[in-house]
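Novice: One file: work.txt (compact mmCIF, C-alpha atoms).
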# COMPACT_ATOMS: atom_id res chain seq x y z
CA VAL A 148 96.04 112.22 115.35
CA ASN A 149 93.83 109.31 114.26
CA ALA A 150 90.75 108.47 116.31
CA CYS A 151 87.46 106.73 115.55
CA VAL A 152 84.82 104.40 116.95
CA ASP A 153 85.38 100.71 116.15
CA VAL A 154 82.05 98.91 115.71
CA VAL A 155 82.74 95.18 116.06
CA LEU A 156 80.07 92.65 115.09
CA SER A 157 79.39 89.51 113.10
CA GLY A 158 79.57 90.27 109.38
CA VAL A 159 76.81 87.80 108.57
CA LYS A 160 74.50 89.38 111.20
CA LEU A 161 75.07 92.87 109.78
CA LEU A 162 74.46 91.80 106.18
CA GLU A 163 71.26 90.05 107.28
CA ALA A 164 70.16 93.19 109.18
CA LEU A 165 70.76 95.18 105.98
CA GLY A 166 68.56 92.70 104.07
CA LEU A 167 71.45 91.54 101.86
CA GLU A 168 71.17 87.98 100.47
CA PRO A 169 74.32 85.79 100.20
CA SER A 170 76.14 86.30 96.89
CA ASP A 171 79.20 85.15 95.00
CA GLY A 172 82.44 86.81 96.09
CA LYS A 173 84.15 89.54 94.09
CA ASN A 174 87.08 91.73 95.14
CA HIS A 175 86.55 95.51 95.02
CA ALA A 176 89.44 97.93 95.66
CA VAL A 177 86.87 100.54 96.74
CA LEU A 178 83.31 99.87 97.90
CA ASN A 179 80.78 102.09 96.10
CA SER A 180 77.53 100.40 97.17
CA ARG A 181 75.90 97.79 99.42
CA GLN A 182 76.21 95.37 96.50
CA ASP A 183 80.01 95.89 96.48
CA LEU A 184 80.09 95.34 100.25
CA ARG A 185 78.17 92.09 99.91
CA GLU A 186 80.49 90.76 97.18
CA ALA A 187 83.75 91.88 98.84
CA PHE A 188 82.75 90.39 102.21
CA ALA A 189 81.92 87.06 100.54
CA HIS A 190 85.23 87.17 98.61
CA PHE A 191 87.39 87.55 101.75
CA MET A 192 85.25 85.35 104.02
CA GLU A 193 85.66 82.51 101.49
CA ARG A 194 89.45 82.88 101.80
CA GLY A 195 89.54 83.48 105.56
CA ALA A 196 91.62 86.60 104.78
CA ALA A 197 91.69 90.00 106.51
CA ALA A 198 91.05 93.12 104.41
CA GLU A 199 90.35 96.81 104.82
CA ARG A 200 88.41 98.93 102.29
CA PHE A 201 87.19 102.49 101.81
CA PHE A 202 83.42 102.98 101.27
CA SER A 203 83.01 105.92 98.86
CA ASP A 204 79.31 106.83 99.25
CA ALA A 205 79.01 108.95 102.43
CA GLU A 206 75.21 108.74 102.70
CA ALA A 207 75.03 104.99 102.12
CA PHE A 208 77.88 104.43 104.60
CA ARG A 209 76.11 106.51 107.24
CA ASP A 210 72.99 104.30 106.95
CA ILE A 211 75.08 101.11 107.22
CA ALA A 212 77.03 102.51 110.21
CA ARG A 213 73.78 103.41 111.98
CA THR A 214 72.39 99.89 111.47
CA ALA A 215 75.68 98.38 112.68
CA SER A 216 76.13 100.55 115.79
CA GLU A 217 72.49 100.04 116.88
CA HIS A 218 72.61 96.24 116.38
CA PRO A 219 72.10 94.45 119.74
CA ALA A 220 75.16 92.24 119.10
CA ALA A 221 77.49 95.18 118.22
CA GLN A 222 80.34 96.17 120.54
CA LEU A 223 81.64 99.73 120.37
CA TYR A 224 85.26 100.48 121.23
CA VAL A 225 87.74 103.34 121.04
CA GLY A 226 89.60 102.97 117.72
CA GLY A 227 92.55 104.55 115.89
CA ASN A 228 96.19 104.13 117.03
CA ALA A 229 96.43 107.60 118.59
CA ALA A 230 93.23 107.23 120.61
CA LEU A 231 94.20 103.68 121.68
CA ILE A 232 97.66 104.80 122.87
CA GLY A 233 96.03 107.71 124.73
CA GLN A 234 93.49 105.37 126.29
CA LYS A 235 96.24 102.98 127.47
CA LEU A 236 98.37 105.77 128.96
CA ALA A 237 95.27 107.20 130.67
CA THR A 238 94.91 104.03 132.78
CA ASN A 239 97.71 105.55 134.87
CA PRO A 240 95.97 107.97 137.30
CA ASP A 241 99.01 110.30 137.45
CA LEU A 242 98.91 111.08 133.73
CA LYS A 243 96.89 113.64 131.85
CA ILE A 244 96.49 112.99 128.11
CA LEU A 245 95.69 115.44 125.30
CA LEU A 246 94.08 113.74 122.29
CA CYS A 247 93.50 115.58 119.02
CA GLY A 248 91.72 113.38 116.55
CA PRO A 249 88.31 113.78 114.98
CA VAL A 250 86.26 113.12 118.15
CA GLY A 251 82.48 112.73 117.80
CA PRO A 252 79.92 112.34 120.63
CA LYS A 253 80.15 108.52 120.92
CA LEU A 254 83.95 108.46 120.97
CA HIS A 255 83.98 111.26 123.56
CA GLU A 256 81.74 109.15 125.77
CA LEU A 257 84.03 106.09 125.40
CA LEU A 258 87.26 107.94 126.23
CA ASP A 259 88.83 107.79 129.69
CA ASP A 260 88.23 110.80 131.97
CA HIS A 261 91.97 111.56 131.99
CA VAL A 262 91.87 112.18 128.22
CA VAL A 263 91.43 115.88 127.37
CA VAL A 264 89.99 116.75 123.94
CA PRO A 265 90.38 120.38 122.78
CA PRO A 266 87.09 121.92 121.54
CA GLU A 267 88.54 122.35 117.99
CA SER A 268 88.94 118.56 117.82
CA MET A 269 85.27 117.85 118.45
CA GLN A 270 82.98 117.14 115.51
CA GLU A 271 79.23 116.54 115.22
CA ARG A 272 79.57 113.05 113.77
CA ASP A 273 81.79 110.16 114.78
CA GLU A 274 84.13 108.48 112.32
CA PHE A 275 82.95 104.85 112.44
CA HIS A 276 85.14 101.94 111.35
CA LEU A 277 83.05 98.79 110.89
CA ILE A 278 84.84 95.56 111.80
CA LEU A 279 82.91 92.58 110.46
CA GLU A 280 84.07 89.37 112.13
CA TYR A 281 83.51 85.79 111.03
CA GLN A 282 84.43 82.51 112.73
CA ALA A 283 86.22 79.47 111.31
CA GLY A 284 83.64 77.19 109.67
CA GLU A 285 80.91 79.88 109.65
CA GLN A 286 78.49 79.68 106.68
CA TRP A 287 76.83 82.43 104.67
CA GLY A 288 74.90 80.97 101.76
CA ARG A 289 77.41 78.91 99.77
CA VAL A 290 80.39 80.62 101.38
CA ARG A 291 82.20 78.87 104.24
CA ALA A 292 85.06 80.55 106.13
CA PRO A 293 88.21 78.36 106.38
CA ALA A 294 89.55 80.52 109.25
CA ALA A 295 88.36 83.24 111.60
CA ASN A 296 89.18 86.78 110.48
CA ARG A 297 87.70 90.23 109.96
CA PHE A 298 86.71 92.57 107.14
CA ILE A 299 87.04 96.30 107.94
CA PHE A 300 85.56 99.23 106.03
CA SER A 301 84.95 102.94 106.64
CA HIS A 302 84.23 106.29 105.01
CA ASP A 303 86.85 108.15 106.98
CA LEU A 304 87.93 111.44 105.40
CA SER A 305 89.26 113.44 108.35
CA ASN A 306 91.71 110.77 109.57
CA GLY A 307 92.84 110.16 105.97
CA ALA A 308 93.71 113.84 105.53
CA LEU A 309 95.31 114.16 109.00
CA ASN A 310 92.84 117.03 109.57
CA MET A 311 93.64 117.47 113.26
CA LEU A 312 97.45 117.70 113.06
CA GLU A 313 97.63 121.52 113.11
CA VAL A 314 95.06 121.70 115.93
CA PHE A 315 97.21 119.22 117.85
CA VAL A 316 100.47 121.15 117.45
CA SER A 317 98.82 124.50 118.31
CA SER A 318 97.30 122.95 121.49
CA LEU A 319 100.74 121.95 122.84
CA ASP A 320 101.68 125.46 124.00
CA GLU A 321 98.93 125.48 126.58
CA PHE A 322 99.12 121.75 127.46
CA GLN A 323 102.93 121.70 128.00
CA PRO A 324 103.44 117.95 127.41
CA ASP A 325 106.35 115.79 128.64
CA LEU A 326 105.93 113.50 125.62
CA VAL A 327 104.29 113.73 122.18
CA VAL A 328 103.00 110.59 120.44
CA LEU A 329 102.18 110.80 116.72
CA SER A 330 100.24 108.26 114.73
CA GLY A 331 98.05 108.13 111.65
CA LEU A 332 100.48 108.80 108.78
CA HIS A 333 99.45 105.44 107.26
CA MET A 334 95.86 106.77 106.94
CA MET A 335 97.08 109.11 104.17
CA GLU A 336 97.63 106.19 101.77
CA GLY A 337 94.06 106.61 100.49
CA GLN A 338 94.85 110.12 99.16
CA SER A 339 96.06 110.87 95.64
CA LYS A 340 99.85 111.00 95.29
CA GLU A 341 99.89 114.81 94.86
CA MET A 342 97.59 115.40 97.83
CA ARG A 343 99.62 113.01 99.98
CA GLN A 344 102.90 114.67 99.05
CA LYS A 345 101.53 118.12 99.88
CA ARG A 346 100.03 116.94 103.18
CA LEU A 347 103.24 115.16 104.19
CA MET A 348 105.25 118.36 103.68
CA GLU A 349 102.69 120.26 105.79
CA ALA A 350 102.93 117.57 108.45
CA VAL A 351 106.74 117.89 108.50
CA ALA A 352 106.41 121.67 108.89
CA SER A 353 103.94 121.20 111.78
CA ILE A 354 106.06 118.59 113.57
CA SER A 355 109.08 120.90 113.21
CA ASP A 356 107.18 123.47 115.31
CA ILE A 357 107.15 121.15 118.35
CA PRO A 358 109.80 122.37 120.85
CA THR A 359 112.94 120.23 120.57
CA ASP A 360 113.07 119.45 124.30
CA ILE A 361 109.82 117.41 124.05
CA PRO A 362 110.50 113.81 122.95
CA ILE A 363 108.33 112.63 120.03
CA HIS A 364 107.31 108.99 119.43
CA LEU A 365 105.95 107.92 116.02
CA GLU A 366 103.77 104.78 115.91
CA LEU A 367 103.82 103.17 112.45
CA ALA A 368 101.01 100.98 111.12
CA SER A 369 100.23 98.73 108.18
CA MET A 370 101.04 100.24 104.77
CA THR A 371 101.09 99.01 101.16
CA ASP A 372 102.74 101.86 99.19
CA GLN A 373 106.54 101.57 99.18
CA ASP A 374 107.06 105.06 97.70
CA PHE A 375 105.06 106.60 100.53
CA MET A 376 107.01 104.62 103.15
CA SER A 377 110.23 105.80 101.55
CA ASP A 378 108.96 109.41 101.65
CA ILE A 379 108.23 109.12 105.37
CA MET A 380 111.76 107.84 106.00
CA HIS A 381 113.68 110.19 103.77
CA GLN A 382 111.55 113.35 103.74
CA GLN A 383 112.44 114.44 107.20
CA VAL A 384 109.85 112.55 109.29
CA PHE A 385 112.29 110.01 110.79
CA PRO A 386 114.94 112.62 111.72
CA LEU A 387 112.27 114.74 113.47
CA VAL A 388 111.12 112.03 115.90
CA ASN A 389 113.05 110.54 118.84
CA SER A 390 111.36 107.15 118.88
CA ILE A 391 109.50 104.74 116.59
CA GLY A 392 107.17 101.81 117.36
CA LEU A 393 106.53 99.06 114.78
CA ASN A 394 105.84 95.35 114.24
CA GLU A 395 107.40 92.70 111.98
CA GLN A 396 105.23 93.52 108.89
CA GLU A 397 106.13 97.21 109.08
CA LEU A 398 109.83 96.44 109.69
CA LEU A 399 110.10 94.19 106.64
CA PHE A 400 108.12 96.66 104.50
CA LEU A 401 110.45 99.45 105.61
CA THR A 402 113.66 97.64 104.62
CA GLN A 403 112.09 96.58 101.28
CA ALA A 404 111.02 100.19 100.55
CA ALA A 405 114.54 101.54 101.21
CA SER A 406 116.60 98.55 99.96
CA GLY A 407 117.99 97.91 103.45
CA PRO A 408 119.46 94.65 104.81
CA HIS A 409 117.48 91.45 104.06
CA ALA A 410 115.27 93.45 101.65
CA SER A 411 115.07 90.41 99.35
CA LEU A 412 113.11 88.53 102.01
CA ALA A 413 109.55 88.39 100.59
CA SER A 414 107.84 87.58 103.91
CA TRP A 415 108.52 86.08 107.32
CA SER A 416 108.05 82.35 107.66
CA GLY A 417 106.89 81.66 111.21
CA ILE A 418 108.51 83.62 114.03
CA PRO A 419 110.74 86.42 112.64
CA ASP A 420 114.44 85.52 112.95
CA VAL A 421 116.00 87.60 115.77
CA GLY A 422 119.28 88.10 113.88
CA VAL A 423 117.50 89.38 110.76
CA VAL A 424 115.28 91.70 112.84
CA SER A 425 118.23 93.15 114.76
CA ASP A 426 120.22 93.72 111.54
CA ILE A 427 117.35 95.83 110.13
CA LEU A 428 116.85 97.73 113.43
CA PHE A 429 120.59 98.45 113.60
CA TRP A 430 120.56 99.70 109.99
CA ILE A 431 117.61 102.08 110.64
CA LEU A 432 119.44 103.76 113.53
CA LYS A 433 122.77 103.79 111.66
CA GLU A 434 121.23 105.23 108.45
CA HIS A 435 118.51 107.49 109.86
CA GLY A 436 119.31 107.87 113.58
CA ARG A 437 121.51 110.25 115.58
CA THR A 438 125.23 109.94 114.92
CA ALA A 439 128.18 112.29 115.43
CA GLU A 440 127.81 113.34 111.75
CA ARG A 441 124.01 113.43 111.50
CA ALA A 442 121.61 115.85 113.21
CA SER A 443 118.74 113.34 113.41
CA ASP A 444 116.75 113.08 116.67
CA LEU A 445 115.96 109.37 116.18
CA THR A 446 117.55 107.34 119.01
CA ARG A 447 114.98 104.64 119.95
CA ILE A 448 113.00 101.87 118.23
CA HIS A 449 110.51 99.61 120.02
CA PHE A 450 109.93 96.48 117.91
CA HIS A 451 107.14 94.06 118.79
CA THR A 452 106.10 90.75 117.30
CA LEU A 453 103.91 88.02 118.82
CA ALA A 454 106.75 85.96 120.33
CA TYR A 455 109.23 88.63 121.50
CA HIS A 456 110.01 92.35 121.70
CA ILE A 457 113.28 94.26 121.15
CA LEU A 458 114.01 97.80 122.35
CA VAL A 459 116.96 99.37 120.50
CA THR A 460 118.51 102.64 121.68
CA VAL A 461 121.48 104.84 120.77
CA ASP A 462 123.70 104.94 123.87
CA GLY A 463 123.48 108.04 126.07
CA HIS A 464 119.88 109.01 125.23
CA TRP A 465 117.61 106.59 127.12
CA GLY A 466 117.48 104.74 130.44
CA ASN A 467 115.38 102.02 132.11
CA GLN A 468 115.24 99.97 128.88
CA ALA A 469 114.98 96.57 130.62
CA ALA A 470 111.89 97.67 132.57
CA ALA A 471 110.38 99.32 129.48
CA VAL A 472 110.69 96.29 127.20
CA ALA A 473 109.48 93.94 129.98
CA ALA A 474 106.47 96.18 130.70
CA GLY A 475 105.50 96.11 127.01
CA ALA A 476 105.71 92.31 126.97
CA ARG A 477 103.64 92.07 130.15
CA ALA A 478 100.99 94.38 128.61
CA ALA A 479 100.79 92.07 125.56
CA GLY A 480 100.07 89.01 127.73
CA THR A 481 97.56 90.66 130.06
CA GLN A 482 95.62 92.64 127.44
CA ALA A 483 95.23 89.75 124.98
CA CYS A 484 93.95 87.48 127.78
CA ALA A 485 91.94 90.32 129.42
CA THR A 486 93.48 89.60 132.85
CA ASP A 487 95.00 92.09 135.31
CA THR A 488 98.16 90.04 135.82
CA ILE A 489 99.81 87.26 133.83
CA ASP A 490 97.96 83.98 134.46
CA ALA A 491 100.52 81.22 133.82
CA SER A 492 97.81 78.72 132.84
CA LYS A 493 96.58 80.97 130.02
CA VAL A 494 99.91 81.76 128.32
CA PHE A 495 102.75 79.94 126.57
CA LEU A 496 106.23 80.70 125.26
CA LYS A 497 106.81 80.97 121.50
CA ALA A 498 110.14 82.83 121.51
CA PRO A 499 113.31 81.01 120.37
CA LEU A 500 115.30 79.87 123.42
CA GLU A 501 118.55 80.27 121.47
CA PHE A 502 119.34 82.73 118.69
CA VAL A 503 122.14 84.65 116.98
CA THR A 504 122.18 88.46 117.18
CA SER A 505 123.13 89.18 113.54
CA HIS A 506 123.54 87.68 110.06
CA THR A 507 125.62 90.50 108.58
CA GLU A 508 128.52 90.60 111.08
CA ALA A 509 130.17 88.20 113.51
CA PRO A 510 127.21 87.38 115.76
CA SER A 511 127.05 86.38 119.36
CA LYS A 512 124.89 83.38 120.24
CA ILE A 513 122.43 83.89 123.08
CA SER A 514 120.61 81.34 125.24
CA LEU A 515 117.65 82.57 127.29
CA ASN A 516 117.80 82.25 131.06
CA PRO A 517 114.31 82.12 132.69
CA ASP A 518 115.65 83.91 135.79
CA GLU A 519 116.76 86.90 133.70
CA PRO A 520 114.23 87.21 130.90
CA VAL A 521 115.61 90.48 129.48
CA VAL A 522 118.79 89.87 127.46
CA GLN A 523 120.97 92.69 126.21
CA TRP A 524 123.78 93.09 123.68
CA HIS A 525 125.63 96.02 122.08
CA ARG A 526 126.74 96.92 118.58
CA GLU A 527 128.69 100.10 117.69
CA GLY A 528 127.19 102.41 120.31
CA ILE A 529 123.69 100.91 120.03
CA SER A 530 122.11 98.78 122.78
CA PHE A 531 119.59 95.98 122.21
CA HIS A 532 117.20 94.78 124.96
CA PHE A 533 115.31 91.58 124.07
CA THR A 534 112.52 89.85 125.99
CA PRO A 535 110.26 86.90 125.17
CA VAL A 536 106.48 87.43 125.39
CA LEU A 537 104.13 85.20 127.35
CA VAL A 538 101.63 84.68 124.54
CA CYS A 539 97.93 84.34 125.36
CA LYS A 540 96.58 80.88 124.32
CA ASP A 541 93.00 82.07 123.67
CA PRO A 542 93.12 85.82 123.00
CA VAL A 543 89.96 87.72 123.91
CA ARG A 544 90.75 90.86 121.91
CA THR A 545 93.77 91.62 119.75
CA VAL A 546 92.73 95.00 118.25
CA GLY A 547 95.08 97.71 119.52
CA LEU A 548 97.58 95.30 121.08
CA GLY A 549 100.59 96.95 119.38
CA ASP A 550 99.39 100.36 120.61
CA ALA A 551 99.14 99.09 124.20
CA ILE A 552 102.66 97.60 123.98
CA SER A 553 104.19 100.85 122.67
CA ALA A 554 102.32 102.98 125.24
CA GLU A 555 103.45 100.82 128.15
CA GLY A 556 107.06 100.75 126.89
CA LEU A 557 107.06 104.55 126.59
CA PHE A 558 105.63 104.97 130.09
CA TYR A 559 108.60 103.08 131.60
CA SER A 560 111.22 104.72 129.37
CA GLU A 561 113.50 107.39 130.78
CA VAL A 562 114.68 110.01 128.31
CA TYR A 563 117.92 111.84 129.12
CA PRO A 564 117.84 115.62 128.51
CA GLN A 565 120.32 116.47 125.75
For the structure just supplied, provide its representation as structure tokens.
Specialist:
Amino acid sequence: VNACVDVVLSGVKLLEALGLEPSDGKNHAVLNSRQDLREAFAHFMERGAAAERFFSDAEAFRDIARTASEHPAAQLYVGGNAALIGQKLATNPDLKILLCGPVGPKLHELLDDHVVVPPESMQERDEFHLILEYQAGEQWGRVRAPAANRFIFSHDLSNGALNMLEVFVSSLDEFQPDLVVLSGLHMMEGQSKEMRQKRLMEAVASISDIPTDIPIHLELASMTDQDFMSDIMHQQVFPLVNSIGLNEQELLFLTQAASGPHASLASWSGIPDVGVVSDILFWILKEHGRTAERASDLTRIHFHTLAYHILVTVDGHWGNQAAAVAAGARAAGTQACATDTIDASKVFLKAPLEFVTSHTEAPSKISLNPDEPVVQWHREGISFHFTPVLVCKDPVRTVGLGDAISAEGLFYSEVYPQ
């Protein structure tokens, strides 16, 4: 239920267009003015670090967003995980997609024709997210960027409050979907703890109204509040969904928040260890997934990281896993390189060619065979399907890559009626 317009342009060009002189950097948790924007951008550009901030002044933000979106160098894209997943699924001509997010006139124009937006989801103004890019070595006054990265900010209230969730659930009766995809819970982090708690309970009540014969996929995204992550796991969200999509940052954050296996690992160094990843994935399904004793609906996790993907399923609930995980990996290579098919000259292999499948129990050792790129193994009624990714050498656009991977994997997945 999160949707917006991503306005991508050079940060230095926007600040110049706003008449802002270079300044010394200073970190601001919330941006209250153009002055704060100028200082925060300088602070992160100087470090070559990515950051995302909320801009509190609605009127000032609107002026900045207008300047940004009308700038000749600006590129406008569909943004928000839900809208991006919908957009990816809509590239298949046989599918009809219902999207309920806050959809303004510009976003409506950018959406694929196969994407249906209910009238209650339309609003007069778009939610703009401004993505200010800078290149390695780029100068702004005394500041020089050591690496290329981006600084994102927005004044996005409706996505943060999950305003369209009830509209979404009430639209399902008429639409009669074969699959429901939920995303945007991470946007609630900006709310006060009380407001967030209340909204999460309302979200759980709404999701519970979705007929049980419709599979539900939840796409997770970057979060910083461990208590909130723990609430999402334990307060009935995980047991209500059939499938989850996440990357290595979200996986590690999840095990840290719930004191799962390898929770003492502070961060990944290099490519995430396959054995560590599969231990955590196994634990999520064992602790929060469907078992003989537990009435949870969770039976599938699609994990993606740059070098490889793993699709983990509880036996007896899903089919076509090898095709699904391979399709997700193929989408990663083609979308990042902006090619229709994998171009071997533009990609390379980063995945480990040998790995162990676990660090907490007697592992099996696996060597990759190029003729059979999808490897599978089993553990206590749970199947793992692993595939390396052909990584794009010079990526054209990485925004929304995880969403495209999850969408493609879902499209090829077969769910067994229970």
Novice: Between A:Ser216, A:Ser317, A:Asn467, A:Gln323, which has the minimum distance to Ile278 (chain A) (counting all atoms listed in the file)?
Specialist: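 Answer, going by the shortest atom-to-atom distance: A:Ser216.
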Novice: Mind checking which residues fall within 7 Å of Asp444 (chain A), counting all atoms listed in the file, ignoring those fewer than 2 positions away in the same chain, and posting them as a PyMOL selection string?
Specialist: chain A and resi 386-389+436-437+442+446
Novice: Have a look at A:Val314, A:Leu548, A:Val521, A:Ala164 and name the one nearest to Gly226 (chain A); count all atoms listed in the file.
Specialist: A:Leu548
Novice: How would you write as a compact mmCIF listing (two decimals) with C-alpha atoms, keeping the file's coordinate frame the residues that get within 9 Å of (76.5, 96.7, 109.2) in the file's frame, counting all atoms listed in the file?
Specialist:
# COMPACT_ATOMS: atom_id res chain seq x y z
CA VAL A 154 82.05 98.91 115.71
CA LEU A 156 80.07 92.65 115.09
CA SER A 157 79.39 89.51 113.10
CA GLY A 158 79.57 90.27 109.38
CA VAL A 159 76.81 87.80 108.57
CA LYS A 160 74.50 89.38 111.20
CA LEU A 161 75.07 92.87 109.78
CA LEU A 162 74.46 91.80 106.18
CA GLU A 163 71.26 90.05 107.28
CA ALA A 164 70.16 93.19 109.18
CA LEU A 165 70.76 95.18 105.98
CA ASP A 210 72.99 104.30 106.95
CA ILE A 211 75.08 101.11 107.22
CA ALA A 212 77.03 102.51 110.21
CA ARG A 213 73.78 103.41 111.98
CA THR A 214 72.39 99.89 111.47
CA ALA A 215 75.68 98.38 112.68
CA SER A 216 76.13 100.55 115.79
CA HIS A 218 72.61 96.24 116.38
CA LEU A 277 83.05 98.79 110.89
CA ILE A 278 84.84 95.56 111.80
CA LEU A 279 82.91 92.58 110.46
Novice: Kindly give the distance, in Å, that separates CA of His451 (chain A) and CA of Gly195 (chain A), rounded to a single decimal.
Specialist: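 If I compute the distance from CA of His451 (chain A) to CA of Gly195 (chain A), I get 24.4 Å.
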Novice: Would you compute the distance between CA of His302 (chain A) and CA of Asp183 (chain A)? Give it in Å to one decimal.
Specialist: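 According to the coordinates, CA of His302 (chain A) and CA of Asp183 (chain A) are separated by 14.1 Å.
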Novice: Can you work out which one of A:Ala220, A:Ala187, A:Ala470, A:Ala551 has the shortest atom-to-atom distance to Ala237 (chain A), counting all atoms listed in the file?
Specialist: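 Looking only at the distances to Ala237 (chain A), the closest residue turns out to be A:Ala551.
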Novice: So, with all atoms listed in the file as the atoms that count, which of A:Val177, A:Val316, A:Val264, A:Val536 lies closest to Phe202 (chain A)?
Specialist: A:Val177
